[in-house]
file final_4.pdb (PDB, C-alpha atoms and all ligand atoms)
ATOM      1  CA  MET R   9     -18.424  21.735   6.830
ATOM      2  CA  THR R  10     -15.404  19.492   6.529
ATOM      3  CA  ASN R  11     -17.184  16.570   8.144
ATOM      4  CA  PRO R  12     -19.010  14.563   5.500
ATOM      5  CA  ALA R  13     -21.146  12.623   7.998
ATOM      6  CA  PRO R  14     -22.619  15.013  10.565
ATOM      7  CA  ALA R  15     -25.682  12.808  11.024
ATOM      8  CA  ASP R  16     -23.667   9.942  12.446
ATOM      9  CA  PRO R  17     -25.576   9.003  15.619
ATOM     10  CA  ARG R  18     -22.303   8.370  17.429
ATOM     11  CA  GLN R  19     -21.625  12.054  17.402
ATOM     12  CA  THR R  20     -24.962  13.058  18.826
ATOM     13  CA  ALA R  21     -25.733  10.228  21.224
ATOM     14  CA  SER R  22     -23.249   9.222  23.850
ATOM     15  CA  GLU R  23     -22.175   5.608  24.124
ATOM     16  CA  GLN R  24     -24.265   5.289  27.264
ATOM     17  CA  GLU R  25     -27.377   6.351  25.371
ATOM     18  CA  LEU R  26     -26.548   3.997  22.545
ATOM     19  CA  ILE R  27     -26.210   1.125  25.009
ATOM     20  CA  ALA R  28     -29.507   2.036  26.670
ATOM     21  CA  SER R  29     -31.237   2.074  23.285
ATOM     22  CA  ILE R  30     -29.877  -1.377  22.413
ATOM     23  CA  LEU R  31     -31.024  -2.801  25.725
ATOM     24  CA  ALA R  32     -34.413  -1.190  25.094
ATOM     25  CA  GLY R  33     -34.771  -3.123  21.847
ATOM     26  CA  GLN R  34     -33.004  -1.137  19.123
ATOM     27  CA  ARG R  35     -30.601  -3.992  18.548
ATOM     28  CA  ASP R  36     -29.210  -2.657  15.283
ATOM     29  CA  ASN R  37     -27.539   0.182  17.148
ATOM     30  CA  PHE R  38     -24.971  -2.350  18.296
ATOM     31  CA  HIS R  39     -23.350  -2.043  14.870
ATOM     32  CA  LEU R  40     -22.736   1.645  15.546
ATOM     33  CA  LEU R  41     -21.558   1.012  19.067
ATOM     34  CA  ILE R  42     -18.684  -1.267  18.112
ATOM     35  CA  ARG R  43     -17.675   0.258  14.791
ATOM     36  CA  PRO R  44     -15.109   2.701  16.265
ATOM     37  CA  TYR R  45     -13.289  -0.164  18.028
ATOM     38  CA  GLU R  46     -12.947  -2.802  15.322
ATOM     39  CA  GLY R  47      -9.343  -1.961  14.521
ATOM     40  CA  GLN R  48      -8.392  -1.870  18.193
ATOM     41  CA  LEU R  49      -9.948  -5.259  18.851
ATOM     42  CA  TYR R  50      -8.299  -6.786  15.810
ATOM     43  CA  ARG R  51      -4.816  -5.600  16.752
ATOM     44  CA  THR R  52      -5.362  -6.755  20.330
ATOM     45  CA  ALA R  53      -6.383 -10.219  19.165
ATOM     46  CA  LEU R  54      -3.521 -10.321  16.670
ATOM     47  CA  ALA R  55      -1.011  -9.536  19.417
ATOM     48  CA  LEU R  56      -2.021 -12.750  21.176
ATOM     49  CA  MET R  57      -2.938 -15.069  18.308
ATOM     50  CA  LYS R  58      -0.118 -14.014  15.940
ATOM     51  CA  ASN R  59      -2.303 -15.123  13.056
ATOM     52  CA  GLU R  60      -4.694 -12.964  11.038
ATOM     53  CA  THR R  61      -7.434 -15.535  10.521
ATOM     54  CA  GLU R  62      -7.497 -16.561  14.163
ATOM     55  CA  ALA R  63      -7.428 -12.938  15.272
ATOM     56  CA  GLU R  64     -10.469 -12.267  13.127
ATOM     57  CA  ASP R  65     -12.337 -15.252  14.607
ATOM     58  CA  VAL R  66     -11.484 -14.090  18.110
ATOM     59  CA  VAL R  67     -12.838 -10.606  17.417
ATOM     60  CA  GLN R  68     -16.080 -11.974  15.999
ATOM     61  CA  ASP R  69     -16.613 -14.217  19.022
ATOM     62  CA  ALA R  70     -15.703 -11.423  21.421
ATOM     63  CA  VAL R  71     -18.080  -8.960  19.783
ATOM     64  CA  LEU R  72     -20.948 -11.476  19.924
ATOM     65  CA  LYS R  73     -20.185 -12.102  23.571
ATOM     66  CA  ALA R  74     -20.137  -8.373  24.242
ATOM     67  CA  TYR R  75     -23.573  -8.076  22.633
ATOM     68  CA  ARG R  76     -25.034 -10.911  24.661
ATOM     69  CA  LYS R  77     -23.513  -9.611  27.903
ATOM     70  CA  LEU R  78     -24.204  -5.954  27.205
ATOM     71  CA  ALA R  79     -26.555  -5.609  30.183
ATOM     72  CA  SER R  80     -23.676  -6.451  32.493
ATOM     73  CA  PHE R  81     -21.559  -3.512  31.279
ATOM     74  CA  ARG R  82     -21.562  -1.240  34.303
ATOM     75  CA  GLY R  83     -19.998   1.873  32.943
ATOM     76  CA  ASP R  84     -17.371   1.957  35.677
ATOM     77  CA  SER R  85     -14.716   1.410  33.002
ATOM     78  CA  LYS R  86     -14.671   2.781  29.489
ATOM     79  CA  PHE R  87     -16.688   0.715  27.024
ATOM     80  CA  SER R  88     -13.552   0.275  24.910
ATOM     81  CA  THR R  89     -11.635  -1.162  27.883
ATOM     82  CA  TRP R  90     -14.490  -3.572  28.556
ATOM     83  CA  LEU R  91     -14.474  -4.704  24.917
ATOM     84  CA  ILE R  92     -10.709  -5.161  24.956
ATOM     85  CA  ALA R  93     -10.866  -7.210  28.156
ATOM     86  CA  ILE R  94     -13.472  -9.517  26.569
ATOM     87  CA  THR R  95     -11.268  -9.861  23.478
ATOM     88  CA  LEU R  96      -8.204 -10.700  25.581
ATOM     89  CA  ASN R  97     -10.212 -13.335  27.492
ATOM     90  CA  GLU R  98     -11.515 -14.831  24.270
ATOM     91  CA  ALA R  99      -7.996 -15.013  22.811
ATOM     92  CA  ARG R 100      -6.546 -16.546  25.968
ATOM     93  CA  ALA R 101      -9.314 -19.129  26.218
ATOM     94  CA  ARG R 102      -8.539 -20.194  22.667
ATOM     95  CA  LEU R 103      -4.792 -20.371  23.308
ATOM     96  CA  ARG R 104      -5.411 -22.440  26.451
ATOM     97  CA  LYS R 105      -7.712 -24.796  24.601
ATOM     98  CA  ASP R 106      -4.999 -25.408  22.015
ATOM     99  CA  GLY R 107      -2.318 -25.727  24.700
ATOM    100  CA  ARG R 108      -0.623 -22.609  23.432
ATOM    101  CA  ALA R 109      -1.131 -20.446  26.493
ATOM    102  CA  THR R 110       1.764 -18.196  27.421
ATOM    103  CA  LEU R 111       3.622 -19.362  30.471
ATOM    104  CA  ASP R 112       4.081 -16.162  32.361
ATOM    105  CA  SER R 113       6.903 -17.649  34.432
ATOM    106  CA  LEU R 114       8.976 -18.326  31.328
ATOM    107  CA  ASP R 115       8.486 -14.783  30.222
ATOM    108  CA  ALA R 116       9.358 -13.487  33.648
ATOM    109  CA  GLN R 117      12.652 -15.290  33.319
ATOM    110  CA  ARG R 118      13.276 -13.650  30.025
ATOM    111  CA  GLU R 119      12.514 -10.320  31.642
ATOM    112  CA  ASP R 120      15.551 -10.740  33.828
ATOM    113  CA  ASN R 121      17.946 -11.895  31.151
ATOM    114  CA  GLY R 122      16.845  -9.639  28.355
ATOM    115  CA  ASP R 123      18.960  -6.956  26.825
ATOM    116  CA  PHE R 124      17.291  -3.622  27.443
ATOM    117  CA  THR R 125      20.023  -1.260  26.388
ATOM    118  CA  PRO R 126      19.009   0.995  23.514
ATOM    119  CA  ALA R 127      20.791   1.394  20.216
ATOM    120  CA  THR R 128      23.105   4.369  20.502
ATOM    121  CA  LEU R 129      23.109   6.748  17.610
ATOM    122  CA  THR R 130      24.002  10.377  17.454
ATOM    123  CA  ASP R 131      22.502  11.567  14.214
ATOM    124  CA  TRP R 132      18.867  10.486  14.477
ATOM    125  CA  ARG R 133      16.652  12.361  12.078
ATOM    126  CA  GLU R 134      12.951  11.936  12.511
ATOM    127  CA  VAL R 135      11.337   9.396  10.191
ATOM    128  CA  PRO R 136       8.193  11.134   8.898
ATOM    129  CA  LEU R 137       4.785   9.427   8.982
ATOM    130  CA  ALA R 138       4.794   9.630   5.186
ATOM    131  CA  ALA R 139       7.470   6.904   5.244
ATOM    132  CA  LEU R 140       4.686   4.472   6.215
ATOM    133  CA  GLU R 141       3.495   4.622   2.622
ATOM    134  CA  ARG R 142       6.411   2.306   1.940
ATOM    135  CA  GLN R 143       5.640  -1.378   2.479
ATOM    136  CA  GLU R 144       9.243  -1.962   3.498
ATOM    137  CA  ILE R 145       8.884   0.414   6.460
ATOM    138  CA  ARG R 146       5.566  -1.083   7.544
ATOM    139  CA  ASP R 147       7.104  -4.573   7.348
ATOM    140  CA  LEU R 148      10.059  -3.504   9.484
ATOM    141  CA  ILE R 149       7.758  -2.252  12.236
ATOM    142  CA  GLN R 150       5.370  -5.213  12.025
ATOM    143  CA  ARG R 151       8.218  -7.686  12.291
ATOM    144  CA  ALA R 152       9.751  -5.857  15.238
ATOM    145  CA  VAL R 153       6.465  -5.880  17.165
ATOM    146  CA  ALA R 154       5.748  -9.503  16.210
ATOM    147  CA  GLY R 155       9.214 -10.477  17.425
ATOM    148  CA  LEU R 156       8.696  -9.208  20.967
ATOM    149  CA  PRO R 157       8.154 -11.723  23.782
ATOM    150  CA  ASP R 158       4.396 -12.291  24.267
ATOM    151  CA  THR R 159       3.904 -10.228  27.408
ATOM    152  CA  TYR R 160       5.769  -7.281  25.924
ATOM    153  CA  ARG R 161       3.841  -7.453  22.682
ATOM    154  CA  GLU R 162       0.558  -7.304  24.625
ATOM    155  CA  ILE R 163       1.663  -4.236  26.548
ATOM    156  CA  VAL R 164       2.977  -2.396  23.501
ATOM    157  CA  THR R 165      -0.163  -3.210  21.544
ATOM    158  CA  LEU R 166      -2.495  -1.829  24.187
ATOM    159  CA  ARG R 167      -0.407   1.121  25.261
ATOM    160  CA  ASP R 168       1.366   2.273  22.087
ATOM    161  CA  LEU R 169      -0.737   0.897  19.233
ATOM    162  CA  GLU R 170      -4.151   1.358  20.842
ATOM    163  CA  GLU R 171      -3.027   4.260  22.967
ATOM    164  CA  LEU R 172      -4.707   3.127  26.154
ATOM    165  CA  SER R 173      -3.440   4.883  29.272
ATOM    166  CA  VAL R 174      -1.118   3.011  31.613
ATOM    167  CA  ASN R 175      -4.024   2.584  34.038
ATOM    168  CA  GLU R 176      -6.356   1.254  31.356
ATOM    169  CA  THR R 177      -3.658  -1.135  30.135
ATOM    170  CA  ALA R 178      -3.207  -2.451  33.680
ATOM    171  CA  ALA R 179      -6.972  -2.871  34.079
ATOM    172  CA  ALA R 180      -7.396  -4.645  30.744
ATOM    173  CA  LEU R 181      -4.563  -7.101  31.451
ATOM    174  CA  GLY R 182      -5.310  -7.510  35.148
ATOM    175  CA  ILE R 183      -1.762  -6.632  36.228
ATOM    176  CA  SER R 184      -0.315  -3.842  38.349
ATOM    177  CA  ILE R 185       0.499  -0.384  37.051
ATOM    178  CA  ALA R 186       4.111  -0.873  38.160
ATOM    179  CA  LEU R 187       4.414  -4.043  36.062
ATOM    180  CA  VAL R 188       2.902  -2.280  33.047
ATOM    181  CA  LYS R 189       5.525   0.454  33.365
ATOM    182  CA  VAL R 190       8.439  -1.975  33.684
ATOM    183  CA  ARG R 191       7.351  -4.117  30.749
ATOM    184  CA  LEU R 192       6.489  -1.104  28.642
ATOM    185  CA  HIS R 193       9.916   0.377  29.219
ATOM    186  CA  ARG R 194      11.676  -2.831  28.281
ATOM    187  CA  ALA R 195       9.481  -3.393  25.254
ATOM    188  CA  ARG R 196      10.110   0.124  23.992
ATOM    189  CA  MET R 197      13.855  -0.265  24.486
ATOM    190  CA  MET R 198      13.828  -3.534  22.552
ATOM    191  CA  LEU R 199      11.924  -1.871  19.728
ATOM    192  CA  GLN R 200      14.260   1.090  19.702
ATOM    193  CA  LYS R 201      17.262  -1.200  19.585
ATOM    194  CA  LYS R 202      15.814  -3.274  16.787
ATOM    195  CA  LEU R 203      14.279  -0.496  14.728
ATOM    196  CA  ALA R 204      16.306   2.668  15.122
ATOM    197  CA  PRO R 205      19.357   1.521  13.105
ATOM    198  CA  HIS R 206      17.182   0.226  10.222
ATOM    199  CA  LEU R 207      14.811   3.168  10.208
ATOM    200  CA  LYS R 208      17.741   5.529  10.228
ATOM    201  CA  LEU R 209      19.099   3.945   7.071
ATOM    202  CA  ALA R 210      15.695   3.661   5.449
ATOM    203  CA  GLY R 211      14.965   7.284   6.246
ATOM    204  CA  LYS R 212      18.218   8.330   4.649
ATOM    205  CA  LYS R 213      17.607   6.419   1.468
ATOM    206  CA  GLU R 214      14.359   8.186   0.752
ATOM    207  CA  PRO R 215      15.384  11.725  -0.197
ATOM    208  CA  LYS R 216      18.148  10.373  -2.427
ATOM    209  CA  THR R 217      15.853   8.149  -4.469
ATOM    210  CA  ARG R 218      13.315  10.914  -4.693
ATOM    211  CA  THR R 219      15.806  13.455  -5.951
ATOM    212  CA  PHE R 220      17.085  10.968  -8.435
ATOM    213  CA  GLY R 221      13.557  10.249  -9.625
ATOM    214  CA  ARG R 222      12.790  13.889 -10.033
ATOM    215  CA  LEU R 223      16.000  14.622 -11.858
ATOM    216  CA  SER R 224      15.300  11.921 -14.350
ATOM    217  CA  TRP R 225      12.105  13.731 -15.305
ATOM    218  CA  LEU R 226      13.846  17.030 -15.884
TER     219      LEU R 226
ATOM    220  CA  MET B   5      24.018  14.299  41.750
ATOM    221  CA  ALA B   6      24.479  14.278  38.005
ATOM    222  CA  LEU B   7      22.980  11.348  36.092
ATOM    223  CA  ASN B   8      25.113   9.333  33.725
ATOM    224  CA  CYS B   9      23.815   7.839  30.465
ATOM    225  CA  LEU B  10      22.942   4.445  31.998
ATOM    226  CA  HIS B  11      20.748   6.101  34.618
ATOM    227  CA  VAL B  12      19.017   8.177  31.981
ATOM    228  CA  TRP B  13      18.246   5.039  29.947
ATOM    229  CA  ASP B  14      16.261   3.648  32.865
ATOM    230  CA  HIS B  15      13.936   6.622  32.667
ATOM    231  CA  ILE B  16      13.334   6.870  28.919
ATOM    232  CA  SER B  17       9.863   5.341  28.822
ATOM    233  CA  GLU B  18       8.566   7.357  31.750
ATOM    234  CA  TYR B  19      10.224  10.478  30.408
ATOM    235  CA  ILE B  20       8.322  10.054  27.150
ATOM    236  CA  ASP B  21       5.050   9.402  29.017
ATOM    237  CA  ASN B  22       5.717  12.406  31.230
ATOM    238  CA  THR B  23       5.222  10.403  34.432
ATOM    239  CA  LEU B  24       8.626  11.005  36.051
ATOM    240  CA  ASP B  25       8.669  12.842  39.299
ATOM    241  CA  PRO B  26       9.566  16.470  38.625
ATOM    242  CA  GLN B  27      12.952  16.301  40.302
ATOM    243  CA  VAL B  28      14.096  13.264  38.303
ATOM    244  CA  ARG B  29      12.709  14.825  35.164
ATOM    245  CA  ALA B  30      14.740  17.965  35.746
ATOM    246  CA  GLU B  31      17.884  15.878  36.183
ATOM    247  CA  VAL B  32      17.183  13.962  32.988
ATOM    248  CA  GLU B  33      16.686  17.222  31.146
ATOM    249  CA  ARG B  34      19.923  18.616  32.489
ATOM    250  CA  HIS B  35      21.687  15.531  31.118
ATOM    251  CA  LEU B  36      19.931  15.713  27.748
ATOM    252  CA  ALA B  37      21.031  19.314  27.301
ATOM    253  CA  HIS B  38      24.605  18.165  26.777
ATOM    254  CA  CYS B  39      24.318  14.478  25.773
ATOM    255  CA  GLU B  40      23.740  13.902  22.083
ATOM    256  CA  ILE B  41      23.501  10.134  22.467
ATOM    257  CA  CYS B  42      20.718  10.140  25.048
ATOM    258  CA  SER B  43      18.881  12.850  23.148
ATOM    259  CA  ALA B  44      18.994  10.740  19.981
ATOM    260  CA  ILE B  45      17.806   7.655  21.871
ATOM    261  CA  ILE B  46      14.830   9.515  23.273
ATOM    262  CA  ASP B  47      13.978  11.149  19.942
ATOM    263  CA  SER B  48      14.175   7.840  18.112
ATOM    264  CA  THR B  49      12.088   6.011  20.722
ATOM    265  CA  ARG B  50       9.422   8.697  20.608
ATOM    266  CA  ASN B  51       9.458   8.647  16.817
ATOM    267  CA  ILE B  52       9.101   4.862  16.746
ATOM    268  CA  ILE B  53       6.106   5.073  19.097
ATOM    269  CA  VAL B  54       4.444   7.605  16.778
ATOM    270  CA  LEU B  55       5.090   5.417  13.722
ATOM    271  CA  MET B  56       3.798   2.249  15.433
ATOM    272  CA  ALA B  57       0.542   3.940  16.426
ATOM    273  CA  ASP B  58      -0.338   4.685  12.809
ATOM    274  CA  ASP B  59      -3.206   2.559  11.522
ATOM    275  CA  ARG B  60      -1.355   1.880   8.290
ATOM    276  CA  VAL B  61       1.144  -0.392  10.059
ATOM    277  CA  PHE B  62      -1.339  -3.049  11.141
ATOM    278  CA  GLU B  63      -4.095  -2.842   8.574
ATOM    279  CA  LEU B  64      -7.342  -4.755   8.906
ATOM    280  CA  PRO B  65      -7.677  -7.742   6.566
ATOM    281  CA  LEU B  66      -9.743  -7.006   3.467
ATOM    282  CA  ASP B  67     -13.501  -7.067   4.247
ATOM    283  CA  PHE B  68     -12.852  -7.710   7.926
ATOM    284  CA  SER B  69     -15.565  -5.247   8.881
ATOM    285  CA  LYS B  70     -18.052  -6.621   6.366
ATOM    286  CA  ARG B  71     -17.668 -10.156   7.704
ATOM    287  CA  LEU B  72     -17.883  -9.021  11.320
ATOM    288  CA  HIS B  73     -21.117  -7.099  10.817
ATOM    289  CA  ALA B  74     -22.637  -9.854   8.695
ATOM    290  CA  ARG B  75     -22.032 -12.377  11.463
ATOM    291  CA  LEU B  76     -23.337  -9.906  14.007
ATOM    292  CA  ASP B  77     -26.487  -9.400  11.940
ATOM    293  CA  GLU B  78     -27.327 -13.082  12.180
ATOM    294  CA  VAL B  79     -27.457 -12.744  15.955
ATOM    295  CA  LEU B  80     -29.062  -9.301  16.134
ATOM    296  CA  LYS B  81     -31.928 -10.558  13.986
ATOM    297  CA  HIS B  82     -32.929 -13.230  16.480
ATOM    298  CA  GLU B  83     -31.553 -12.415  19.907
ATOM    299  CA  ASP B  84     -31.916  -9.751  22.535
ATOM    300  CA  PRO B  85     -28.937  -9.203  24.835
ATOM    301  CA  GLU B  86     -29.201 -11.500  27.850
ATOM    302  CA  PRO B  87     -31.061  -9.960  30.781
ATOM    303  CA  LEU B  88     -29.006  -9.280  33.876
ATOM    304  CA  GLY B  89     -28.807 -12.057  36.415
ATOM    305  CA  ILE B  90     -28.241 -14.913  33.987
ATOM    306  CA  GLY B  91     -25.274 -16.929  35.115
ATOM    307  CA  PRO B  92     -22.186 -17.410  32.973
TER     308      PRO B  92
HETATM  309 ZN    ZN L 301      23.745  10.460  27.959
END

call {"tool": "encode", "arguments": {"input": "final_4.pdb", "output": "structure tokens", "more": "lines below"}}
Ligand SMILES: [Zn+2]
result
Amino acid sequence: MTNPAPADPRQTASEQELIASILAGQRDNFHLLIRPYEGQLYRTALALMKNETEAEDVVQDAVLKAYRKLASFRGDSKFSTWLIAITLNEARARLRKDGRATLDSLDAQREDNGDFTPATLTDWREVPLAALERQEIRDLIQRAVAGLPDTYREIVTLRDLEELSVNETAAALGISIALVKVRLHRARMMLQKKLAPHLKLAGKKEPKTRTFGRLSWL
Amino acid sequence: MALNCLHVWDHISEYIDNTLDPQVRAEVERHLAHCEICSAIIDSTRNIIVLMADDRVFELPLDFSKRLHARLDEVLKHEDPEPLGIGP
């Protein structure tokens, strides 16, 4: 009753069936197959390319590649993980071509010297999701994620933005589960350190302005 | 052995993901029961993770989807997916 689109084929046919139908000639079903993952793929590409236009190009190329190679999808990983892996490859190939590939060794060095102590605060009050209506809050978070070292930004994007499991993140990036956990921990601590003090202040400002606004209408 | 704050900080990410081994988790919880600082660090980290995951933070560019499906259509019109066994 609350769902306005009960006839959506995605809800009745499983992904596997959708894939089978595409391979059997119903090519247009590919639109439906990828639609739920567009945002995920875009944010994944953006994490590597750091540029909206390039991220969009990468996603388009990756999706076309996924269509052409669809018969080789085995179903031993989730379809979304397969799509993300193709997108990561596409982005990396482009970075390599432009000589912008991340040198993992440099980042590994940074991993040792980085500052992974959190920001200490005693009076944290939860910042509600409604705060994301404010551009200023969205900008804060975007800048903090964009400012992470490359390898950390990849991990945080897959694990915390796309909400892949630790195992899926490791599979998509081709690194060990242990390394995912270490990098994820450090990335989260860096974000906490960078964001918590600002969010705390921003969260405090809100009720005051609101009250003031309301009072002025009384 | 009681954990101090520095030890607890090493476990924050795994504590949030609930992947700590039960004994370590119990020790962390014992510490959190009386340490305001560590409790606030964990609450803020968890809160930041929730905020980051919201789709409003990294919005798709305007008409992203339209352009993607238009480009896809050009290929779907003319091409089948490659049959298995074709080399890279
Ligand atoms: Zn403590």

call {"tool": "resolve_selection", "arguments": {"input": "final_4.pdb", "expression": "the PyMOL selection byres (((chain B and resi 74-81) around 9) and not hetatm)", "output": "list in words"}}
result
Arg35, Asp36, Phe38, His39, Gln68, Val71, Leu72 and Tyr75 of chain R; Ser69, Lys70, Arg71, Leu72, His73, His82, Glu83, Asp84 and Pro85 of chain B

call {"tool": "residues_near_ligand", "arguments": {"input": "final_4.pdb", "ligand": "ligand ZN 301 (chain L)", "cutoff": "6 Å", "atoms": "only C-alpha atoms and all ligand atoms", "output": "short mmCIF file (atom, residue, chain, number, x, y, z; two decimals) with C-alpha atoms, in the frame of the given file"}}
result
data_model
loop_
_atom_site.label_atom_id
_atom_site.label_comp_id
_atom_site.auth_asym_id
_atom_site.auth_seq_id
_atom_site.Cartn_x
_atom_site.Cartn_y
_atom_site.Cartn_z
CA CYS B 9 23.82 7.84 30.46
CA CYS B 39 24.32 14.48 25.77
CA ILE B 41 23.50 10.13 22.47
CA CYS B 42 20.72 10.14 25.05
#

call {"tool": "resolve_selection", "arguments": {"input": "final_4.pdb", "expression": "the ChimeraX specification (/B :<8) & /R", "output": "ChimeraX atom specification"}}
result
/R:31,33,35-36,39,46-47,50-51,60,64,68,71-72,75-80,125-135,137,140-141,146-147,149-150,168-171,189,192-193,196-197,199-200,203-204

call {"tool": "atom_distance", "arguments": {"input": "final_4.pdb", "atom1": "CA of Leu166 (chain R)", "atom2": "CA of Val28 (chain B)"}}
result
26.5 Å

call {"tool": "atom_distance", "arguments": {"input": "final_4.pdb", "atom1": "CA of Ala154 (chain R)", "atom2": "CA of Met57 (chain R)"}}
result
10.5 Å

call {"tool": "residues_around", "arguments": {"input": "final_4.pdb", "residues": "Phe81 (chain R)", "least_positions_apart": "5", "cutoff": "9 Å", "atoms": "all atoms listed in the file", "output": "ChimeraX atom specification"}}
result
/R:74,87,90

call {"tool": "atom_distance", "arguments": {"input": "final_4.pdb", "atom1": "CA of Ile27 (chain R)", "atom2": "CA of Thr52 (chain R)"}}
result
22.8 Å

call {"tool": "build_atoms", "arguments": {"input": "final_4.pdb", "residues": "region 140-157 of chain R", "atoms": "N, CA, C and O atoms", "output": "PDB file, keeping the file's coordinate frame"}}
result
ATOM      1  N   LEU R 140       5.517   5.672   6.071  1.00  0.00           N
ATOM      2  CA  LEU R 140       4.686   4.472   6.215  1.00  0.00           C
ATOM      3  C   LEU R 140       3.971   4.097   4.921  1.00  0.00           C
ATOM      4  O   LEU R 140       3.372   3.025   4.821  1.00  0.00           O
ATOM      5  N   GLU R 141       4.024   4.986   3.934  1.00  0.00           N
ATOM      6  CA  GLU R 141       3.495   4.622   2.622  1.00  0.00           C
ATOM      7  C   GLU R 141       4.318   3.488   2.014  1.00  0.00           C
ATOM      8  O   GLU R 141       3.861   2.797   1.111  1.00  0.00           O
ATOM      9  N   ARG R 142       5.543   3.339   2.506  1.00  0.00           N
ATOM     10  CA  ARG R 142       6.411   2.306   1.940  1.00  0.00           C
ATOM     11  C   ARG R 142       6.218   0.985   2.682  1.00  0.00           C
ATOM     12  O   ARG R 142       6.408   0.896   3.883  1.00  0.00           O
ATOM     13  N   GLN R 143       5.871  -0.046   1.927  1.00  0.00           N
ATOM     14  CA  GLN R 143       5.640  -1.378   2.479  1.00  0.00           C
ATOM     15  C   GLN R 143       6.828  -1.841   3.316  1.00  0.00           C
ATOM     16  O   GLN R 143       6.665  -2.444   4.371  1.00  0.00           O
ATOM     17  N   GLU R 144       8.013  -1.525   2.840  1.00  0.00           N
ATOM     18  CA  GLU R 144       9.243  -1.962   3.498  1.00  0.00           C
ATOM     19  C   GLU R 144       9.313  -1.415   4.936  1.00  0.00           C
ATOM     20  O   GLU R 144       9.733  -2.104   5.858  1.00  0.00           O
ATOM     21  N   ILE R 145       8.867  -0.193   5.127  1.00  0.00           N
ATOM     22  CA  ILE R 145       8.884   0.414   6.460  1.00  0.00           C
ATOM     23  C   ILE R 145       7.808  -0.226   7.334  1.00  0.00           C
ATOM     24  O   ILE R 145       8.039  -0.538   8.506  1.00  0.00           O
ATOM     25  N   ARG R 146       6.630  -0.437   6.778  1.00  0.00           N
ATOM     26  CA  ARG R 146       5.566  -1.083   7.544  1.00  0.00           C
ATOM     27  C   ARG R 146       5.990  -2.484   7.971  1.00  0.00           C
ATOM     28  O   ARG R 146       5.773  -2.901   9.097  1.00  0.00           O
ATOM     29  N   ASP R 147       6.639  -3.215   7.045  1.00  0.00           N
ATOM     30  CA  ASP R 147       7.104  -4.573   7.348  1.00  0.00           C
ATOM     31  C   ASP R 147       8.117  -4.569   8.492  1.00  0.00           C
ATOM     32  O   ASP R 147       8.075  -5.435   9.374  1.00  0.00           O
ATOM     33  N   LEU R 148       9.045  -3.616   8.431  1.00  0.00           N
ATOM     34  CA  LEU R 148      10.059  -3.504   9.484  1.00  0.00           C
ATOM     35  C   LEU R 148       9.391  -3.404  10.855  1.00  0.00           C
ATOM     36  O   LEU R 148       9.743  -4.121  11.800  1.00  0.00           O
ATOM     37  N   ILE R 149       8.404  -2.503  10.958  1.00  0.00           N
ATOM     38  CA  ILE R 149       7.758  -2.252  12.236  1.00  0.00           C
ATOM     39  C   ILE R 149       6.920  -3.459  12.662  1.00  0.00           C
ATOM     40  O   ILE R 149       6.973  -3.898  13.815  1.00  0.00           O
ATOM     41  N   GLN R 150       6.171  -4.022  11.714  1.00  0.00           N
ATOM     42  CA  GLN R 150       5.370  -5.213  12.025  1.00  0.00           C
ATOM     43  C   GLN R 150       6.236  -6.339  12.562  1.00  0.00           C
ATOM     44  O   GLN R 150       5.899  -6.982  13.554  1.00  0.00           O
ATOM     45  N   ARG R 151       7.347  -6.577  11.875  1.00  0.00           N
ATOM     46  CA  ARG R 151       8.218  -7.686  12.291  1.00  0.00           C
ATOM     47  C   ARG R 151       8.808  -7.429  13.663  1.00  0.00           C
ATOM     48  O   ARG R 151       8.936  -8.347  14.476  1.00  0.00           O
ATOM     49  N   ALA R 152       9.164  -6.180  13.939  1.00  0.00           N
ATOM     50  CA  ALA R 152       9.751  -5.857  15.238  1.00  0.00           C
ATOM     51  C   ALA R 152       8.735  -6.098  16.363  1.00  0.00           C
ATOM     52  O   ALA R 152       9.064  -6.666  17.400  1.00  0.00           O
ATOM     53  N   VAL R 153       7.497  -5.679  16.140  1.00  0.00           N
ATOM     54  CA  VAL R 153       6.465  -5.880  17.165  1.00  0.00           C
ATOM     55  C   VAL R 153       6.170  -7.371  17.308  1.00  0.00           C
ATOM     56  O   VAL R 153       6.079  -7.900  18.418  1.00  0.00           O
ATOM     57  N   ALA R 154       6.048  -8.067  16.170  1.00  0.00           N
ATOM     58  CA  ALA R 154       5.748  -9.503  16.210  1.00  0.00           C
ATOM     59  C   ALA R 154       6.861 -10.277  16.912  1.00  0.00           C
ATOM     60  O   ALA R 154       6.615 -11.322  17.510  1.00  0.00           O
ATOM     61  N   GLY R 155       8.080  -9.767  16.850  1.00  0.00           N
ATOM     62  CA  GLY R 155       9.214 -10.477  17.425  1.00  0.00           C
ATOM     63  C   GLY R 155       9.394 -10.267  18.918  1.00  0.00           C
ATOM     64  O   GLY R 155      10.270 -10.899  19.525  1.00  0.00           O
ATOM     65  N   LEU R 156       8.573  -9.416  19.522  1.00  0.00           N
ATOM     66  CA  LEU R 156       8.696  -9.208  20.967  1.00  0.00           C
ATOM     67  C   LEU R 156       8.203 -10.434  21.725  1.00  0.00           C
ATOM     68  O   LEU R 156       7.325 -11.146  21.238  1.00  0.00           O
ATOM     69  N   PRO R 157       8.749 -10.690  22.928  1.00  0.00           N
ATOM     70  CA  PRO R 157       8.154 -11.723  23.782  1.00  0.00           C
ATOM     71  C   PRO R 157       6.667 -11.408  24.027  1.00  0.00           C
ATOM     72  O   PRO R 157       6.288 -10.232  24.026  1.00  0.00           O
TER      73      PRO R 157
END
